[in-house]
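Shown next: start-v6.txt, given as compact mmCIF, C-alpha atoms.
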# COMPACT_ATOMS: atom_id res chain seq x y z
CA MET A 1096 -26.83 -8.77 -31.29
CA ASN A 1097 -23.69 -6.76 -31.94
CA LYS A 1098 -25.43 -3.52 -31.16
CA LYS A 1099 -26.67 -4.97 -27.92
CA LEU A 1100 -23.16 -6.01 -27.02
CA ILE A 1101 -21.92 -2.46 -27.46
CA PHE A 1102 -24.47 -1.23 -24.96
CA ILE A 1103 -23.96 -4.10 -22.53
CA ALA A 1104 -20.13 -4.03 -22.55
CA PRO A 1105 -19.78 -0.77 -20.59
CA LEU A 1106 -22.30 -2.06 -18.07
CA ILE A 1107 -20.29 -5.25 -17.60
CA LEU A 1108 -17.09 -3.24 -17.24
CA PHE A 1109 -18.81 -1.01 -14.72
CA ILE A 1110 -20.04 -3.97 -12.69
CA LEU A 1111 -16.55 -5.52 -12.74
CA MET A 1112 -15.06 -2.29 -11.51
CA VAL A 1113 -17.66 -1.90 -8.77
CA GLY A 1114 -16.88 -5.47 -7.70
CA MET A 1115 -13.16 -4.78 -7.65
CA LEU A 1116 -13.55 -1.59 -5.65
CA PHE A 1117 -16.04 -3.23 -3.33
CA THR A 1118 -13.63 -5.99 -2.33
CA GLY A 1119 -11.16 -3.27 -1.34
CA LEU A 1120 -13.68 -1.56 0.92
CA GLY A 1121 -13.29 -3.72 4.01
CA LYS A 1122 -9.50 -3.68 3.88
CA ASP A 1123 -7.57 -1.53 6.26
CA PRO A 1124 -4.91 0.20 4.17
CA THR A 1125 -2.78 0.86 7.24
CA MET A 1126 -2.34 -2.89 7.81
CA LEU A 1127 0.85 -4.08 6.20
CA GLU A 1128 1.65 -7.69 5.62
CA SER A 1129 4.70 -8.81 7.49
CA GLN A 1130 7.66 -9.85 5.38
CA MET A 1131 9.03 -11.94 8.22
CA ILE A 1132 6.47 -14.74 8.14
CA GLY A 1133 8.27 -18.08 7.93
CA LYS A 1134 11.63 -16.55 8.72
CA ALA A 1135 13.69 -17.01 11.85
CA ILE A 1136 13.68 -14.14 14.30
CA PRO A 1137 16.39 -11.60 13.47
CA GLU A 1138 19.72 -11.97 15.21
CA PHE A 1139 20.46 -9.45 17.90
CA ASN A 1140 22.35 -8.78 21.06
CA LEU A 1141 20.87 -6.07 23.20
CA PRO A 1142 20.68 -5.23 26.90
CA THR A 1143 17.60 -6.01 28.92
CA LEU A 1144 15.41 -3.23 30.20
CA TYR A 1145 16.22 -4.01 33.83
CA GLU A 1146 19.95 -4.51 33.52
CA PRO A 1147 21.94 -2.36 31.08
CA ASN A 1148 24.93 -4.68 31.46
CA LYS A 1149 23.09 -7.91 30.82
CA ILE A 1150 23.13 -8.69 27.12
CA ILE A 1151 20.65 -11.11 25.65
CA THR A 1152 20.63 -12.53 22.14
CA HIS A 1153 18.18 -14.24 19.79
CA ASP A 1154 19.32 -17.57 21.29
CA ASP A 1155 17.78 -16.59 24.61
CA ILE A 1156 14.35 -16.50 23.04
CA LYS A 1157 12.60 -19.85 23.34
CA GLY A 1158 9.55 -20.43 21.22
CA PRO A 1159 6.69 -21.09 21.01
CA ALA A 1160 6.17 -17.64 22.42
CA LEU A 1161 4.98 -14.15 21.72
CA ILE A 1162 7.25 -11.18 21.21
CA ASN A 1163 5.34 -8.08 22.14
CA VAL A 1164 6.61 -4.72 20.90
CA PHE A 1165 5.68 -2.01 23.36
CA ALA A 1166 6.69 1.46 24.46
CA SER A 1167 5.68 3.95 27.10
CA TRP A 1168 4.89 6.50 24.38
CA CYS A 1169 2.38 4.20 22.72
CA PRO A 1170 -1.20 4.84 23.89
CA SER A 1171 -2.58 1.49 22.69
CA CYS A 1172 0.07 -0.31 24.73
CA TYR A 1173 -1.69 0.89 27.87
CA THR A 1174 -4.96 -0.52 26.53
CA GLU A 1175 -3.32 -3.82 25.70
CA HIS A 1176 -1.35 -4.23 28.90
CA PRO A 1177 -4.05 -5.60 31.26
CA TYR A 1178 -4.79 -8.42 28.86
CA LEU A 1179 -1.10 -9.32 28.54
CA MET A 1180 -1.00 -9.57 32.36
CA GLN A 1181 -4.00 -11.87 32.25
CA LEU A 1182 -2.49 -13.98 29.47
CA GLN A 1183 0.80 -14.32 31.35
CA GLN A 1184 -1.03 -15.37 34.51
CA SER A 1185 -2.92 -18.03 32.60
CA GLY A 1186 0.48 -19.56 31.78
CA GLU A 1187 -0.62 -20.37 28.25
CA VAL A 1188 2.29 -18.77 26.47
CA PRO A 1189 5.52 -17.00 27.40
CA ILE A 1190 5.61 -13.37 26.34
CA TYR A 1191 8.86 -11.61 25.54
CA GLY A 1192 8.85 -7.84 25.62
CA LEU A 1193 10.57 -5.61 23.12
CA ASN A 1194 10.73 -2.14 24.58
CA TYR A 1195 10.87 -0.17 21.34
CA LYS A 1196 12.41 3.29 20.99
CA ASP A 1197 11.86 4.12 24.61
CA THR A 1198 14.02 5.60 27.32
CA ARG A 1199 15.06 3.31 30.14
CA PRO A 1200 13.38 5.30 32.97
CA LYS A 1201 10.10 5.54 31.06
CA GLY A 1202 10.19 1.89 30.04
CA LEU A 1203 10.89 0.86 33.62
CA LYS A 1204 8.11 3.09 34.91
CA PHE A 1205 5.69 1.42 32.48
CA VAL A 1206 6.32 -2.10 33.82
CA ASN A 1207 6.77 -1.01 37.43
CA ASP A 1208 3.47 0.87 37.48
CA LEU A 1209 1.38 -1.53 35.44
CA GLY A 1210 3.03 -4.86 36.14
CA ASP A 1211 5.44 -6.96 34.11
CA PRO A 1212 3.95 -9.77 32.03
CA TYR A 1213 7.21 -10.42 30.21
CA THR A 1214 9.66 -13.29 30.56
CA THR A 1215 12.45 -10.93 29.51
CA ILE A 1216 12.37 -7.42 28.15
CA ILE A 1217 14.72 -6.57 25.32
CA PHE A 1218 15.65 -2.91 25.43
CA ASP A 1219 15.77 -1.56 21.86
CA GLU A 1220 16.47 2.09 22.48
CA ARG A 1221 17.45 2.96 18.91
CA GLY A 1222 14.69 0.90 17.35
CA ARG A 1223 17.10 -1.01 15.13
CA LEU A 1224 15.87 -4.43 16.22
CA GLY A 1225 12.35 -3.15 15.57
CA ILE A 1226 13.38 -2.36 12.00
CA GLU A 1227 14.85 -5.86 11.64
CA PHE A 1228 11.44 -7.21 12.63
CA GLY A 1229 9.70 -4.78 10.27
CA VAL A 1230 7.92 -2.99 13.10
CA TYR A 1231 6.07 0.09 11.88
CA GLY A 1232 4.03 0.95 14.92
CA ALA A 1233 3.57 -0.28 18.44
CA PRO A 1234 1.94 -2.38 19.71
CA GLU A 1235 2.86 -5.28 17.47
CA THR A 1236 2.98 -8.90 18.49
CA TYR A 1237 5.07 -11.53 16.72
CA VAL A 1238 4.08 -15.13 17.14
CA ILE A 1239 7.03 -17.52 17.03
CA ASP A 1240 6.98 -21.30 16.87
CA ALA A 1241 9.17 -23.88 18.61
CA ASN A 1242 11.94 -23.31 16.04
CA ASN A 1243 11.94 -19.56 16.70
CA ARG A 1244 10.36 -18.87 13.34
CA ILE A 1245 7.89 -16.05 12.98
CA VAL A 1246 4.54 -17.54 12.05
CA TYR A 1247 2.28 -14.54 12.47
CA ARG A 1248 2.30 -10.86 13.23
CA HIS A 1249 -0.54 -9.04 14.92
CA VAL A 1250 -0.59 -5.28 14.53
CA GLY A 1251 -2.53 -3.52 17.24
CA VAL A 1252 -3.92 -4.51 20.59
CA VAL A 1253 -3.94 -8.18 21.60
CA SER A 1254 -7.24 -8.88 23.30
CA ASP A 1255 -8.94 -12.04 24.48
CA ILE A 1256 -10.71 -12.36 21.13
CA VAL A 1257 -7.47 -11.93 19.19
CA TRP A 1258 -5.73 -14.53 21.36
CA GLN A 1259 -8.55 -17.08 21.31
CA GLU A 1260 -9.55 -16.73 17.69
CA THR A 1261 -6.39 -15.75 15.86
CA ILE A 1262 -3.15 -16.30 17.72
CA LYS A 1263 -3.89 -19.44 19.72
CA PRO A 1264 -4.99 -21.52 16.71
CA ILE A 1265 -1.77 -20.50 14.94
CA ILE A 1266 0.61 -21.15 17.80
CA TYR A 1267 -1.10 -24.31 19.11
CA PRO A 1268 -2.90 -25.78 16.11
CA GLU A 1269 -3.18 -29.26 17.67
CA GLU A 1270 -5.01 -27.96 20.77
CA SER A 1271 -7.57 -26.05 18.77
CA GLY A 1272 -8.34 -29.17 16.78
CA GLN A 1273 -7.55 -27.58 13.45
CA MET B 1015 -2.66 47.50 -0.98
CA LYS B 1016 -0.94 44.66 -2.76
CA ILE B 1017 2.35 45.51 -1.13
CA LEU B 1018 0.62 45.56 2.26
CA ILE B 1019 -0.81 42.07 1.71
CA GLN B 1020 2.57 40.81 0.57
CA THR B 1021 4.25 42.27 3.63
CA VAL B 1022 1.70 40.68 5.93
CA MET B 1023 2.08 37.35 4.14
CA LEU B 1024 5.86 37.51 4.34
CA THR B 1025 5.78 38.36 8.02
CA PHE B 1026 3.44 35.45 8.61
CA MET B 1027 5.64 33.05 6.66
CA LEU B 1028 8.77 34.26 8.41
CA SER B 1029 7.11 33.69 11.74
CA LEU B 1030 6.63 30.04 10.78
CA LEU B 1031 10.22 29.60 9.69
CA PRO B 1032 12.00 28.89 13.00
CA GLN B 1033 9.51 26.19 13.96
CA THR B 1034 9.79 24.53 10.56
CA GLN B 1035 13.54 24.54 10.72
CA ALA B 1036 13.52 22.89 14.11
CA GLU B 1037 11.83 19.85 12.57
CA ILE B 1038 14.34 19.27 9.82
CA ILE B 1039 17.28 17.02 10.48
CA PHE B 1040 20.27 17.78 8.34
CA TYR B 1041 22.44 15.07 6.93
CA ASN B 1042 25.96 16.10 6.11
CA PHE B 1043 27.68 14.63 3.11
CA ASP B 1044 31.29 14.87 2.11
CA ASP B 1045 30.43 13.72 -1.39
CA PRO B 1046 27.71 15.41 -3.54
CA VAL B 1047 27.10 12.12 -5.39
CA LYS B 1048 26.20 10.43 -2.11
CA GLU B 1049 23.97 13.33 -1.21
CA GLU B 1050 22.16 13.07 -4.51
CA ARG B 1051 21.68 9.32 -4.07
CA PHE B 1052 20.37 9.92 -0.54
CA ASN B 1053 17.90 12.55 -1.71
CA LYS B 1054 16.74 10.35 -4.58
CA LEU B 1055 16.23 7.35 -2.29
CA ILE B 1056 14.29 9.20 0.38
CA SER B 1057 12.02 10.66 -2.29
CA VAL B 1058 11.10 7.28 -3.85
CA LEU B 1059 10.81 5.38 -0.59
CA ARG B 1060 7.61 5.52 1.38
CA CYS B 1061 7.15 5.93 5.09
CA PRO B 1062 5.61 2.61 6.28
CA LYS B 1063 3.71 4.30 9.07
CA CYS B 1064 2.15 6.95 6.83
CA GLN B 1065 -0.29 6.30 4.06
CA ASN B 1066 1.15 8.57 1.41
CA ASN B 1067 4.32 10.28 2.49
CA ASN B 1068 7.78 9.62 1.24
CA LEU B 1069 10.60 9.41 3.72
CA ALA B 1070 11.79 12.86 2.74
CA ASP B 1071 8.49 14.45 3.73
CA SER B 1072 7.92 12.42 6.85
CA ASN B 1073 9.19 13.25 10.30
CA SER B 1074 7.71 10.21 11.99
CA PRO B 1075 10.26 8.53 14.30
CA LEU B 1076 10.31 5.47 12.07
CA SER B 1077 11.04 7.55 8.96
CA VAL B 1078 13.85 9.30 10.77
CA ASP B 1079 15.33 5.90 11.69
CA LEU B 1080 14.99 4.68 8.13
CA LYS B 1081 16.67 7.82 6.82
CA ASP B 1082 19.49 7.24 9.30
CA ILE B 1083 19.83 3.68 8.04
CA ILE B 1084 19.92 4.84 4.42
CA TYR B 1085 22.53 7.44 5.34
CA GLU B 1086 24.64 4.84 7.11
CA GLN B 1087 24.34 2.29 4.33
CA ILE B 1088 25.30 4.79 1.65
CA HIS B 1089 28.42 5.55 3.63
CA ALA B 1090 29.04 1.85 4.17
CA GLY B 1091 29.31 1.54 0.40
CA LYS B 1092 25.99 -0.20 -0.27
CA SER B 1093 24.41 0.29 -3.68
CA ASP B 1094 20.95 1.83 -4.11
CA ALA B 1095 19.50 -1.55 -5.07
CA GLU B 1096 20.97 -3.17 -1.96
CA ILE B 1097 19.46 -0.50 0.26
CA VAL B 1098 16.04 -0.82 -1.36
CA ASP B 1099 16.21 -4.61 -1.03
CA PHE B 1100 17.17 -4.30 2.63
CA LEU B 1101 14.06 -2.22 3.28
CA LYS B 1102 11.80 -4.37 1.09
CA GLU B 1103 12.87 -7.46 3.05
CA ARG B 1104 11.52 -5.83 6.19
CA TYR B 1105 8.65 -3.66 5.04
CA GLY B 1106 7.62 -5.23 1.77
CA ASP B 1107 6.89 -3.62 -1.58
CA PHE B 1108 4.87 -0.95 0.21
CA ILE B 1109 8.11 0.84 1.06
CA HIS B 1110 8.83 1.66 -2.59
CA TYR B 1111 6.58 3.91 -4.62
CA LYS B 1112 7.23 1.93 -7.79
CA PRO B 1113 5.37 -1.37 -7.53
CA PRO B 1114 7.24 -4.43 -8.84
CA MET B 1115 5.84 -6.44 -11.73
CA ASN B 1116 4.36 -9.69 -10.44
CA SER B 1117 1.15 -11.68 -10.52
CA SER B 1118 -0.67 -9.43 -8.08
CA THR B 1119 0.33 -6.18 -9.77
CA ILE B 1120 -0.03 -7.28 -13.39
CA LEU B 1121 -3.47 -5.67 -13.62
CA LEU B 1122 -2.06 -2.47 -12.18
CA TRP B 1123 0.69 -2.38 -14.80
CA PHE B 1124 -1.27 -3.49 -17.85
CA GLY B 1125 -4.87 -2.67 -16.88
CA PRO B 1126 -4.80 0.78 -18.50
CA PHE B 1127 -3.43 -0.65 -21.77
CA LEU B 1128 -6.00 -3.41 -21.64
CA ILE B 1129 -8.77 -0.83 -21.27
CA LEU B 1130 -7.24 1.17 -24.13
CA VAL B 1131 -7.23 -1.86 -26.43
CA ILE B 1132 -10.76 -2.90 -25.47
CA SER B 1133 -12.10 0.63 -25.95
CA ALA B 1134 -10.29 0.98 -29.28
CA PHE B 1135 -11.83 -2.30 -30.41
CA PHE B 1136 -15.35 -1.19 -29.52
CA ILE B 1137 -14.92 2.29 -30.97
CA LEU B 1138 -13.64 0.88 -34.27
CA ARG B 1139 -16.43 -1.65 -34.32
CA TYR B 1140 -18.97 1.05 -33.63
CA LEU B 1141 -17.57 3.28 -36.39
CA ARG B 1142 -17.56 0.42 -38.88
CA MET B 1143 -21.10 -0.50 -37.93
CA THR B 1144 -22.45 3.00 -38.45
CA LYS B 1145 -20.70 3.12 -41.82
CA ALA B 1146 -22.22 -0.22 -42.76
CA SER B 1147 -25.67 0.88 -41.70
CA ASP B 1148 -25.27 4.04 -43.85
CA THR B 1149 -24.77 1.82 -46.90
CA VAL B 1150 -27.80 -0.18 -45.92
CA VAL B 1151 -29.90 2.99 -45.97
CA ASP B 1152 -28.58 3.87 -49.45
CA GLU B 1153 -29.48 0.47 -50.81
CA THR B 1154 -32.95 0.50 -49.41
CA GLU B 1155 -33.41 3.91 -50.89
CA ALA B 1156 -32.29 2.63 -54.26
CA GLU B 1157 -34.50 -0.39 -53.85
CA HIS B 1158 -37.27 1.87 -52.76
CA MET B 1159 -36.92 3.97 -55.92
CA ALA B 1160 -36.75 0.83 -58.00
CA LYS B 1161 -39.96 -0.34 -56.40
CA ILE B 1162 -41.61 2.97 -57.10
CA GLN B 1163 -40.47 2.68 -60.70
CA ALA B 1164 -41.73 -0.83 -61.00
CA TRP B 1165 -44.98 0.17 -59.44
CA GLN B 1166 -45.31 3.10 -61.80
CA ALA B 1167 -44.57 0.82 -64.72
CA GLU B 1168 -47.22 -1.60 -63.51
CA VAL B 1169 -49.79 1.08 -63.03
CA GLY B 1170 -49.20 2.11 -66.58
CA ASP B 1171 -47.57 5.02 -68.25
CA SER B 1172 -50.45 7.40 -67.71
CA ASP B 1173 -47.97 10.14 -66.96
CA ASN B 1174 -44.74 9.64 -68.90
CA THR B 1175 -43.13 12.93 -67.96
CA ASP B 1176 -43.40 12.10 -64.22
CA THR B 1177 -41.60 8.79 -64.63
CA GLN B 1178 -38.86 10.54 -66.53
CA VAL B 1179 -38.44 13.03 -63.72
CA GLN B 1180 -38.25 10.15 -61.24
CA ASP B 1181 -35.67 8.48 -63.42
CA SER B 1182 -33.46 11.50 -63.47
CA THR B 1183 -33.76 11.90 -59.71
CA LEU B 1184 -32.80 8.28 -59.26
CA GLY B 1185 -29.83 8.80 -61.49
CA ASP B 1186 -28.68 11.75 -59.39
CA ASN B 1187 -29.01 9.79 -56.17
CA ASN B 1188 -26.92 6.94 -57.44
CA ARG B 1189 -24.05 9.12 -58.53

Produce structure tokens that represent the structure in this file.
Amino acid sequence: MNKKLIFIAPLILFILMVGMLFTGLGKDPTMLESQMIGKAIPEFNLPTLYEPNKIITHDDIKGPALINVFASWCPSCYTEHPYLMQLQQSGEVPIYGLNYKDTRPKGLKFVNDLGDPYTTIIFDERGRLGIEFGVYGAPETYVIDANNRIVYRHVGVVSDIVWQETIKPIIYPEESGQ
Amino acid sequence: MKILIQTVMLTFMLSLLPQTQAEIIFYNFDDPVKEERFNKLISVLRCPKCQNNNLADSNSPLSVDLKDIIYEQIHAGKSDAEIVDFLKERYGDFIHYKPPMNSSTILLWFGPFLILVISAFFILRYLRMTKASDTVVDETEAEHMAKIQAWQAEVGDSDNTDTQVQDSTLGDNNR
């Protein structure tokens, strides 16, 4: 019995380790968990993209809404943009834009060429508001509830599937019957 | 030949130098203590955008911003712990190379010691078992000899000298 145990123990350890490593396989190591979940949106006062003299603050943001971090230098933002237009036209949710670490002419060109799905666009040239949000790469989309608390962060492109299956049930739980 | 290779290598490396320098942003410090703290912090803090790069080694725009923030906060009189906490609040434990001790990292911290203890236990057990089984072999041998003796006694002392030889051998084995 004891001798058997000695031979079986390494096998059990091996299986445990395989199991542990296997669970890590599907995970994307570049996905970071947001630290902002459950917290109010960070305080800020920044100009809008359209008007350098018009300052908006966190109080101008009215949830439930999405805050979409985008930039003209971000390739995936171009991929994401047509769906944001579609989502805005559906009227399901207001989308605020956070033009992150961009220059004003390039940011303006982005929305003028492709269309503007945003209620307001916050112009965060230095990227400091982005850091307050914990942004580490555009596009990122923060889901905020009626109390302006961040309830979810989506890193990467928002598509119809992401909206229908992930974001919508979080932002409107009663409608999705969950 | 060696000198030639070295010259070629040096020329090659020198040709890379201006480009490399263009990428580095210099931070000026009036106080060497602050500079040391800055260098220490950017070496233990990780670039959130990169998988395994500290801030010091990363030139990603986000890392540059974070380095600026660290620079500013050092000059604003913040302590190292306050700066690390500021970044952890926004980017999580990922930002620091040293993982904190909590329920999800307990295995990471103590796993190696656990494996050490378990392996030590099994190795000791194994050693003790082989020792024990050695004794078992000795006993059976002794028993075996005793049996032979008994058997010889039963068969009858047809050959007395042989039994005596066996006896002496047995005596040697037991010593």

Using only C-alpha atoms, find each residue in region 1144-1203 of chain A having at least one atom no more than 10 Å away from region 1224-1229 of chain A; report its shortest atom-to-atom pair and that distance in Å (one decimal), rows by chain then rising number, as a tab-separated table.
residue	atom	partner	partner_atom	distance
A:Val1164	CA	A:Gly1225	CA	8.0
A:Leu1193	CA	A:Gly1225	CA	8.1
A:Asn1194	CA	A:Gly1225	CA	9.2
A:Tyr1195	CA	A:Gly1225	CA	6.7
A:Lys1196	CA	A:Gly1225	CA	8.4

Q.
Counting only C-alpha atoms, which residues have an atom no more than 9 Å from (22.6, -6.9, 18.4) in the file's coordinates? Please list them as a list in words.
A. Glu1138, Phe1139, Asn1140, Leu1141, Pro1142, Ile1150, Ile1151, Thr1152, His1153, Arg1223 and Leu1224 of chain A

Q. Which chain B residues are at most 8 Å from chain A (counting only C-alpha atoms), as number ranges by chain?
A. B: 1062-1065, 1076, 1079, 1103-1106, 1108, 1136, 1140

Q. What does the distance from CA of Val1250 (chain A) to CA of Gln1183 (chain A) come to in Å, to one decimal?
A. 19.1 Å

Q: Using CA of Ser1133 (chain B) and CA of Asn1116 (chain B) as the two end points, give the distance in Å to one decimal.
A: 24.9 Å

Q | Å distance separating CA of Asn1053 (chain B) from CA of Asp1082 (chain B), one decimal place | A |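 Atom-to-atom, CA of Asn1053 (chain B) and CA of Asp1082 (chain B) are spaced 12.3 Å apart.
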
Q | Tyr1173 (chain A) environment, 12 Å, all atoms listed in the file, sequence neighbours closer than 6 positions dropped, as a PyMOL selection string | A | chain A and resi 1165-1167+1179-1180+1205-1206+1208-1210+1233-1234+1251-1253

Q. If you count all atoms listed in the file, which residues fall within 12 Å of Glu1049 (chain B), apart from same-chain ones fewer than 5 positions away, as a ChimeraX atom specification?
A. /B:1040-1044,1054-1056,1084-1086,1088-1089

Next, write the just-selected residues to a file, as a PDB file, keeping the file's coordinate frame, keeping C-alpha atoms as the atom set.
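Wrote it out as part_4.pdb, contents follow:
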ATOM      1  CA  PHE B1040      20.270  17.780   8.340  1.00  0.00           C
ATOM      2  CA  TYR B1041      22.440  15.070   6.930  1.00  0.00           C
ATOM      3  CA  ASN B1042      25.960  16.100   6.110  1.00  0.00           C
ATOM      4  CA  PHE B1043      27.680  14.630   3.110  1.00  0.00           C
ATOM      5  CA  ASP B1044      31.290  14.870   2.110  1.00  0.00           C
ATOM      6  CA  LYS B1054      16.740  10.350  -4.580  1.00  0.00           C
ATOM      7  CA  LEU B1055      16.230   7.350  -2.290  1.00  0.00           C
ATOM      8  CA  ILE B1056      14.290   9.200   0.380  1.00  0.00           C
ATOM      9  CA  ILE B1084      19.920   4.840   4.420  1.00  0.00           C
ATOM     10  CA  TYR B1085      22.530   7.440   5.340  1.00  0.00           C
ATOM     11  CA  GLU B1086      24.640   4.840   7.110  1.00  0.00           C
ATOM     12  CA  ILE B1088      25.300   4.790   1.650  1.00  0.00           C
ATOM     13  CA  HIS B1089      28.420   5.550   3.630  1.00  0.00           C
TER      14      HIS B1089
END

Q. Pick from B:Ala1160, B:Val1022, B:Leu1080, B:Val1169: nearest to Leu1059 (chain B), with only C-alpha atoms counted?
A. B:Leu1080

**Q.** Surrounding residues of Leu1182 (chain A) excluding itself and chain neighbours under 3 positions, 10 Å, all atoms listed in the file, as a ChimeraX atom specification
**A.** /A:1176-1179,1185-1190,1212,1253-1255,1258

Would you mind exporting C-alpha atoms of the selected residues as an mmCIF file, keeping the file's coordinate frame?
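Output file selection_4.cif follows:
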data_model
loop_
_atom_site.group_PDB
_atom_site.id
_atom_site.type_symbol
_atom_site.label_atom_id
_atom_site.label_comp_id
_atom_site.auth_asym_id
_atom_site.auth_seq_id
_atom_site.Cartn_x
_atom_site.Cartn_y
_atom_site.Cartn_z
ATOM 1 C CA HIS A 1176 -1.350 -4.230 28.900
ATOM 2 C CA PRO A 1177 -4.050 -5.600 31.260
ATOM 3 C CA TYR A 1178 -4.790 -8.420 28.860
ATOM 4 C CA LEU A 1179 -1.100 -9.320 28.540
ATOM 5 C CA SER A 1185 -2.920 -18.030 32.600
ATOM 6 C CA GLY A 1186 0.480 -19.560 31.780
ATOM 7 C CA GLU A 1187 -0.620 -20.370 28.250
ATOM 8 C CA VAL A 1188 2.290 -18.770 26.470
ATOM 9 C CA PRO A 1189 5.520 -17.000 27.400
ATOM 10 C CA ILE A 1190 5.610 -13.370 26.340
ATOM 11 C CA PRO A 1212 3.950 -9.770 32.030
ATOM 12 C CA VAL A 1253 -3.940 -8.180 21.600
ATOM 13 C CA SER A 1254 -7.240 -8.880 23.300
ATOM 14 C CA ASP A 1255 -8.940 -12.040 24.480
ATOM 15 C CA TRP A 1258 -5.730 -14.530 21.360
#

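For the residues A:Val1246, A:Leu1144, A:Leu1106, A:Cys1172, ranking by smallest atom-to-atom distance to Ile1262 (chain A) using all atoms listed in the file places A:Val1246 first.
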
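Nearest to Ile1162 (chain A) of all the residues A:Ile1217, A:Ala1135, A:Ile1107, A:Ala1241 is A:Ile1217, based on all atoms listed in the file.
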
Q: Could you tell me which of A:Phe1117, A:Phe1218, A:Tyr1191, A:Tyr1213 comes closest to Lys1149 (chain A) if we count only C-alpha atoms?
A: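 Smallest distance to Lys1149 (chain A) is found for A:Phe1218.
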
Step by step, gather every atom of region 1066-1085 of chain B that the file lists, find the box along x, y and z that holds them, add 5 Å on each side, and finally give centre and edge lengths in Å to one decimal, as JSON.
{"center_x": 11.8, "center_y": 9.1, "center_z": 7.8, "size_x": 31.4, "size_y": 20.8, "size_z": 23.1}

Q: Write out as a ChimeraX atom specification the residues lying within 7 Å of Arg1244 (chain A), counting all atoms listed in the file and excluding same-chain residues fewer than 3 positions away.
A: /A:1133-1136,1239-1240
